[in-house]
Structure formats: C-alpha cells, structure tokens
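Written out below as structure tokens is the structure these notes cover.
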Amino acid sequence: MEGTERGKGKAWMPLLFSLILILGMVLGFNLRDSLRGKRDINTVVERNDRLEQVIDLINEKYVDSINGDHLYKDAISGILKSLDPHTVYIPAEDMQDINDDMEGGFSGIGVEFSIVRDTIEVTSVIDKGPASQVGIELGDQLIKVGDSVVAGVNITSSRIINMLKGKQKSNVSLTIKHFFSPALKQVSITRDLIPLYSVDAGIMLDRFTGMIKINRFSATTHKEFADALKRLKNDGAKQLIIDLRDNPGGYLDQATQIADELIDGNKLIVYTQGTHAAKTEYTANLKGLFEKGKVIILMDESSASASEILAGAVQDWDRGLIVGRRSFGKGLVQEPYEMGDGSELRLTVAKYYTPSGRSIQRSFAKGRAAYQADYEKRFESGELTGKDLFVLVDTTKYYTANHRVVYSGGGIKPDVYVPYDTMHISADMRNRIASAGLKTAIWDYFLTHRSKLKYRNIQTFLNSFDDEDKIIDGYLASVNPLIRRKVGKELSRPANRKYFQTHIRAQIARFLFKDNGYYAVLAEDDNVINRALELLDEGEYSDIISGKSE
C-alpha cells in the first residue's frame, strides 16, 4: 500500500529504528554530503590510459564473453576500497534520482499515492501544483495514465512514478474517478517542478516553543528553514528546537547558512582543510533570524555530516544544547567530479573542523566493514538504549566559548543524553503499524468520515479526535481470526494500545494537516522532545550552557 510520486512512501509514517535498516544507511551518507559545484574530471587530471588498455585487452582477448561496464565498475570499486568510506562512485543511471533529492525538486504532477486493494489512490495533493489545478483531490482513484490501465494486481509504485514523471511542461493524460462519483473523468496535466521538501515540519510545541524538523540539507533547506522560523516567530516562538535526528547531511553551505541564523557576530562556524585543499573558513556574517532565545538541537546516531557541522557550531559557541545520542561521526567533505558518461565520483578532498578546532570523524583505520558495523556495536553495548557509554579514542580536550570541555573524534557527544525508547518497539508492534491491513483501515476510515473531520487547527485535532479504537476495530475485523486473537492480546497491554493509537492519530493528522500534523502527534510521546522541553522550562539549561553543572 506504500508509494508516492517521489517513491519515498511519505504518505505513511517514517519507519522506526531497526538495526537492519540502519546498517544500510551508510550509503545514504556517502551520496549526500558534498560541496555544491560539480567539476569535469578532465579539467583536473591528465588522462592515464593504463586502466583503459587493460579493459580493452580483456574485451579483445579474454576466453569468455564479459560485460565491459561491469569491469569498469568493479575496477573503480577496487580502487576506492583503499580510500575512506565516503569516497564513492555513482553510476550514471543513479544520478537523476540523487540529483532530484538534493536539488530539491523534480518534474511531475504533484501527488502522493498509495496502492489500496490493487487501485492507485491519491493520498496527498500539493497545493497549487499541476494536479491541484485540474481538480484532482484527496481520495481520487487513478485508472489510466495515457492509454495504459494502471489498476490491477501487478501494478507497482515504481512503475506509476516513472509514468507520472517527465520533462517539465510536457503533458500527461490521466483518467481518474472521484471518490464521491462513479463516473470516469479524463484530465490533461502539464508537468511542472515539484518541490521535495527537506524541512518536514515547523510546529509549535507549546505557547513559546517552536520545533523545526530537517530531514536532509538540500539546495533549498536554508530557505525552507527561514520560512518555517518566520512563521513560528509570528506564532509566538521565543525558544527553538531543531530536530536533526535521522538527518544524514547534505550540502555544507546550507548548514552554515542555518548556523548563521542562530549565531551572532562574525564568529567562525566551520573550517575545511585537506592535503590538496587550502583552509577555507565559513563565518557568520548576517543578522540572523534567531540570535537570541534558547536553542536545542536533537541528534542521534543517524545524524551526520552537515547535521554535525550545525550542531558543532552551536555547541562550541554555547549557543544552545545538544540533546539525544552521539551522532554518526562523519567529518569528511566530498567534491563531485562528473565523468564523460554522466557518472560521478564524489571524492573526499578535505576534513571539516568545528570552531574549537575538533574533527568529529570516526576512525576507519580497521576498514569499511568495521566502520559500517559501528551501529551494531553501539546497540549491543547498550549505548543507544541504556547509558552513555562512549569510550573516547582521542582524549585531547577542546573548549567551548564558556570553557566547557568537548572532545574530538567519534561524532558530536550530546550535552544531555537521552536513550532510545525501546519500550514499545517489539518486532510485532512495528510490523502491525507498518502493515497494509492497518493502513487500509486508516484510509477507509478517513474517506468515509472526511466530511466530519473538520478541525480549526492541529491543536483542536489533538484535543478532540478520539476515534482510534473505532479504527482498531475496523482493522481487527479485516484480519483472519488467528491474527485477530494475537493482535487483541498484544493490544490488551495499555502501553501497546497507546502506541498503536498514537500512530493511528498521526496518520489521520497527516491527511488533514500534512507532515505538521503527523509530527505534532508523535511529539507528544517523544521522550527526546519531552526531555528538551523540560530543559527549556527549567534552570538546568542555563546551568549546562554556563558550565556550572560540570
């Protein structure tokens, strides 16, 4: 039932932490952290034909037939294995999706969808986007794209995404069925640039506290952040939480521009330096939008690179507190070099250093396998779920503006540690929340009750919505008796039922208020956010910033 025009499954909740998923995230870090400008590799180095000669010889003389492209890729992979884990080669066929993600948009029609009972159903429509302009609404069914029927048991999200994407200003014909009408309707849509937002949410958590959640640092992140911050200030925000959890990084300049909104004067934000790269300093130079007022940055083991640049600057200048768990530990900067065939080499050219002079890069001396196994070690040691057990590799002391001690290597260590909340995350519960059956039950409820789901704002919804148990009953009625009994037993535990209800409410809130609604619901039971709110409301924040609590 998952699928969106982006292909990210954003119409439904983000997946919870699991070791299996987390071990695969290192590739994401590799693809995201880079300088902005691409360079043609031929303008940098002279051609060396030895590799070309070897591959040509193999093609001409080898005993069996071989695939030349595979030889190139294998050869490049072999070369890069001796370098750092974040220098990567990206084949040409993968570049478009990566560029869409990092440049902040793609050409499409502006809908998100899910596959419900083998039918494409629209779950979100971008305001003033191409689909909205021709009358496509939430709940509409997509029957045809051009002359191709897209309903049926063999339909896939990726196929629909590819059919809906296309060149900007090109036309695509759709046959749709509105939810309240049996008649089919044909519409012609002109594709246009569809934004891929990197700021998931900008919400008020209480009368004076705003929160902005950033999922990556793309080309448009600073503008998105500034727009969200202005709205929150207009709503009364006097203190700010920036959620960088699960944010694997991105463009360095976007992180420094956001830091400039928080840090006053001409203070150093970060500097980069490498063997063949001269020292480059990035400093605050603008009158920022939020240079006064308490700031807390939320981080976890999946916060990397540009996230760590922002957090490191805030921590070193004692501009705010870091709350959560130790970050990933990626302090390397990649520069993209474009190859003749459209592929790209993202080569590590420098290290970055926080204002106090520390590098937060984890050691990769034991090889890539050990480097990527760090998550497992953190989980098995209890660092993620119990105590702050990190053992310093580099014991060199660095100092913040208020002379608090911080350390280099291994990521940004939080000022206030909060373990991962494992109370509700049994495998069975995660599977139930992510199951197609529950998603269908939530979607069916929303469509049949949408006329009465009228709320003035998110807070009114939070105070008034109470149909979670009705949706649970609908879900249980749809599954076979054996599963029904098992789920009923699981939900007899109050904690499990509350967890289930929270995620149901979050999905309904997303349909009504998009991601702001979703994250507003989840924030109520988020142990890291709740700890941050405690710090903001008490003198403990000032004691830590000033160094009195050490």
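Letters for chains follow the order of the structure tokens (A, B, ...), residue numbers begin at 1 for each chain, and ligand numbers begin at 1 in the order shown.
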Residues of stretch 443-483 of chain A that approach stretch 493-506 of chain A to 12 Å or less, counting only C-alpha atoms: could you list each one with the shortest pair of atoms and its distance in Å to one decimal, rows by chain and increasing residue number, as CSV?
residue,atom,partner,partner_atom,distance
A:Trp443,CA,A:Ile504,CA,10.2
A:Tyr445,CA,A:Ile504,CA,10.7
A:Phe446,CA,A:Ile504,CA,10.9
A:Ile458,CA,A:Ala506,CA,10.9
A:Phe461,CA,A:Arg505,CA,9.3
A:Leu462,CA,A:Arg505,CA,8.5
A:Asn463,CA,A:Arg505,CA,11.4
A:Ser464,CA,A:Arg505,CA,11.0
A:Phe465,CA,A:Arg505,CA,7.8
A:Asp466,CA,A:Arg505,CA,8.4
A:Asp467,CA,A:Arg505,CA,8.5
A:Glu468,CA,A:Gln501,CA,5.5
A:Asp469,CA,A:Gln501,CA,7.4
A:Lys470,CA,A:Gln501,CA,10.3
A:Ile471,CA,A:Ile504,CA,7.9
A:Ile472,CA,A:Gln501,CA,8.1
A:Asp473,CA,A:Gln501,CA,11.6
A:Tyr475,CA,A:Ile504,CA,11.0
**OP:** For stretch 275-277 of chain A, list every protein, DNA or RNA residue within 9 Å, evaluated using only C-alpha atoms, and leave out those in the same chain fewer than 2 positions away; present the list as a VMD selection string.
**Re:** chain A and resid 272 to 273 279 to 280 349 to 350
**OP:** Tell me which of A:Ser181, A:Thr422, A:Ser305, A:Thr190 sits closest to A:Lys169, counting only C-alpha atoms.
**Re:**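 Selected residue with least distance to A:Lys169: A:Thr190.
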**OP:** Take atom CA of A:Asn457 and atom CA of A:Ser132 and report the distance between them in Å, one decimal.
**Re:** 21.8 Å
**OP:** Quick one: pull the distance between atom CA of A:Gly152 and atom CA of A:Val111, Å, one decimal.
**Re:**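 Atom CA of A:Val111 lies at a distance of 19.8 Å from atom CA of A:Gly152.
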Subject >> Test item: residues at most 12 Å from A:Leu71, only C-alpha atoms, excluding those fewer than 2 positions along its chain, as an MDAnalysis selection string >> reply: chainID A and resid 51:52 54:59 65:69 73:78
**OP:** Please provide the set of residues having any atom within 6 Å of A:Gly210, restricted to only C-alpha atoms, with same-chain residues fewer than 6 positions apart removed, written as a PyMOL selection string.
**Re:** chain A and resi 203-204+232+237+240
Original post:
Skipping near chain neighbours, those fewer than 6 positions away, what residues fall within 10 Å of A:Val295 using only C-alpha atoms, listed as a ChimeraX atom specification?
Top reply: /A:209-211,238-242,262,314,318-322,532,536,541
**OP:** Tell me, as a PyMOL selection string, which residues lie within 12 Å of A:Ile263, counting only C-alpha atoms; anything in the same chain fewer than 4 positions away does not count.
**Re:** chain A and resi 256-259+267-269+283-295+310-320+355
Expected file: the selected residues, N, CA and C atoms, as a JSON list (two decimals), in the first residue's frame:
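Output file out_35.json follows:
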[["chain", "number", "residue", "atom", "x", "y", "z"],
["A", 256, "THR", "N", 25.80, 25.87, 7.09],
["A", 256, "THR", "CA", 26.43, 27.08, 7.60],
["A", 256, "THR", "C", 25.47, 28.28, 7.55],
["A", 257, "GLN", "N", 24.62, 28.33, 6.54],
["A", 257, "GLN", "CA", 23.65, 29.43, 6.47],
["A", 257, "GLN", "C", 22.62, 29.34, 7.60],
["A", 258, "ILE", "N", 22.21, 28.12, 7.96],
["A", 258, "ILE", "CA", 21.29, 27.98, 9.09],
["A", 258, "ILE", "C", 21.99, 28.35, 10.39],
["A", 259, "ALA", "N", 23.25, 27.94, 10.54],
["A", 259, "ALA", "CA", 24.01, 28.33, 11.73],
["A", 259, "ALA", "C", 24.11, 29.84, 11.83],
["A", 267, "LYS", "N", 31.44, 35.23, 13.92],
["A", 267, "LYS", "CA", 32.06, 34.04, 14.51],
["A", 267, "LYS", "C", 32.27, 32.94, 13.47],
["A", 268, "LEU", "N", 33.31, 32.16, 13.70],
["A", 268, "LEU", "CA", 33.61, 31.01, 12.85],
["A", 268, "LEU", "C", 32.54, 29.94, 13.06],
["A", 269, "ILE", "N", 32.05, 29.39, 11.96],
["A", 269, "ILE", "CA", 31.06, 28.31, 12.02],
["A", 269, "ILE", "C", 31.74, 26.96, 11.81],
["A", 283, "THR", "N", 32.11, 31.75, 8.10],
["A", 283, "THR", "CA", 31.80, 32.54, 9.29],
["A", 283, "THR", "C", 30.39, 33.11, 9.22],
["A", 284, "ALA", "N", 29.88, 33.45, 10.38],
["A", 284, "ALA", "CA", 28.59, 34.16, 10.44],
["A", 284, "ALA", "C", 28.80, 35.59, 9.97],
["A", 285, "ASN", "N", 27.92, 36.07, 9.11],
["A", 285, "ASN", "CA", 28.11, 37.44, 8.62],
["A", 285, "ASN", "C", 26.80, 38.18, 8.42],
["A", 286, "LEU", "N", 25.67, 37.56, 8.77],
["A", 286, "LEU", "CA", 24.38, 38.21, 8.59],
["A", 286, "LEU", "C", 23.70, 38.43, 9.94],
["A", 287, "LYS", "N", 22.76, 39.33, 9.97],
["A", 287, "LYS", "CA", 21.90, 39.47, 11.14],
["A", 287, "LYS", "C", 20.89, 38.33, 11.10],
["A", 288, "GLY", "N", 21.07, 37.38, 11.98],
["A", 288, "GLY", "CA", 20.26, 36.16, 11.93],
["A", 288, "GLY", "C", 18.85, 36.35, 12.45],
["A", 289, "LEU", "N", 17.99, 35.41, 12.08],
["A", 289, "LEU", "CA", 16.59, 35.45, 12.48],
["A", 289, "LEU", "C", 16.38, 35.06, 13.94],
["A", 290, "PHE", "N", 17.36, 34.33, 14.53],
["A", 290, "PHE", "CA", 17.15, 33.82, 15.89],
["A", 290, "PHE", "C", 18.48, 33.82, 16.64],
["A", 291, "GLU", "N", 19.06, 35.00, 16.79],
["A", 291, "GLU", "CA", 20.33, 35.11, 17.50],
["A", 291, "GLU", "C", 20.15, 35.22, 19.01],
["A", 292, "LYS", "N", 18.93, 35.40, 19.46],
["A", 292, "LYS", "CA", 18.59, 35.42, 20.89],
["A", 292, "LYS", "C", 17.52, 34.37, 21.14],
["A", 293, "GLY", "N", 17.49, 33.86, 22.34],
["A", 293, "GLY", "CA", 16.50, 32.84, 22.68],
["A", 293, "GLY", "C", 17.14, 31.47, 22.79],
["A", 294, "LYS", "N", 16.60, 30.63, 23.63],
["A", 294, "LYS", "CA", 17.16, 29.31, 23.86],
["A", 294, "LYS", "C", 17.02, 28.42, 22.62],
["A", 295, "VAL", "N", 18.07, 27.63, 22.38],
["A", 295, "VAL", "CA", 18.10, 26.71, 21.24],
["A", 295, "VAL", "C", 18.51, 25.32, 21.73],
["A", 310, "LEU", "N", 26.36, 21.89, 11.88],
["A", 310, "LEU", "CA", 25.45, 22.82, 12.57],
["A", 310, "LEU", "C", 25.50, 22.61, 14.08],
["A", 311, "ALA", "N", 25.42, 21.36, 14.51],
["A", 311, "ALA", "CA", 25.43, 21.08, 15.94],
["A", 311, "ALA", "C", 26.76, 21.45, 16.58],
["A", 312, "GLY", "N", 27.87, 21.20, 15.87],
["A", 312, "GLY", "CA", 29.18, 21.53, 16.41],
["A", 312, "GLY", "C", 29.36, 23.02, 16.63],
["A", 313, "ALA", "N", 28.87, 23.82, 15.69],
["A", 313, "ALA", "CA", 28.98, 25.28, 15.84],
["A", 313, "ALA", "C", 28.14, 25.77, 17.01],
["A", 314, "VAL", "N", 26.93, 25.26, 17.12],
["A", 314, "VAL", "CA", 26.04, 25.67, 18.22],
["A", 314, "VAL", "C", 26.64, 25.26, 19.56],
["A", 315, "GLN", "N", 27.21, 24.06, 19.63],
["A", 315, "GLN", "CA", 27.79, 23.59, 20.89],
["A", 315, "GLN", "C", 29.06, 24.36, 21.24],
["A", 316, "ASP", "N", 29.94, 24.56, 20.28],
["A", 316, "ASP", "CA", 31.22, 25.21, 20.57],
["A", 316, "ASP", "C", 31.04, 26.67, 21.00],
["A", 317, "TRP", "N", 30.06, 27.36, 20.45],
["A", 317, "TRP", "CA", 29.80, 28.75, 20.85],
["A", 317, "TRP", "C", 28.83, 28.85, 22.02],
["A", 318, "ASP", "N", 28.44, 27.70, 22.59],
["A", 318, "ASP", "CA", 27.48, 27.68, 23.69],
["A", 318, "ASP", "C", 26.21, 28.45, 23.33],
["A", 319, "ARG", "N", 25.83, 28.32, 22.06],
["A", 319, "ARG", "CA", 24.60, 28.98, 21.59],
["A", 319, "ARG", "C", 23.37, 28.16, 21.94],
["A", 320, "GLY", "N", 23.56, 26.90, 22.24],
["A", 320, "GLY", "CA", 22.44, 26.04, 22.60],
["A", 320, "GLY", "C", 22.94, 24.70, 23.09],
["A", 355, "PRO", "N", 34.36, 25.07, 15.33],
["A", 355, "PRO", "CA", 35.06, 26.30, 15.73],
["A", 355, "PRO", "C", 36.15, 26.10, 16.77]]
**OP:** Could you check which of A:Glu524, A:Glu121, A:Asp415, A:Glu112 is closest to A:Arg326, using only C-alpha atoms?
**Re:**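 Checking each of A:Glu524, A:Glu121, A:Asp415, A:Glu112 against A:Arg326, counting only C-alpha atoms, the winner is A:Asp415.
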**OP:** Within 10 Å of A:Gln96, counting only C-alpha atoms, which residues show up once you throw out same-chain ones fewer than 5 positions away? Write them as a PyMOL selection string, please.
**Re:** chain A and resi 101+106+342
**OP:** From a DSSP calculation on the backbone, collect every residue of stretch 332-513 of chain A in strand (DSSP E or B) and output the set as number ranges by chain.
**Re:** A: 332-338, 344-353, 397-399, 405-407, 416-417
**OP:** Go through A:Glu301, A:Glu538, A:Asp394, A:Asp235 and flag the residue nearest A:Gly324, using only C-alpha atoms for the distances.
**Re:**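 Closest to A:Gly324 of all the choices is A:Glu301.
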Original post:
Hey, can you check how far atom CA of A:Tyr398 sits from atom CA of A:Gly547?
Top reply: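 Between these atoms lies a distance of 13.9 Å.
For the residues A:Ile545, A:Val199, A:Ala304, A:Ile194, ranking by smallest atom-to-atom distance to A:Lys167 using only C-alpha atoms places A:Ile194 first.
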Original post:
From the list A:Leu252, A:Asp428, A:Ala441, A:Ile297, which residue is nearest A:Gln334 when using only C-alpha atoms?
Top reply: A:Leu252
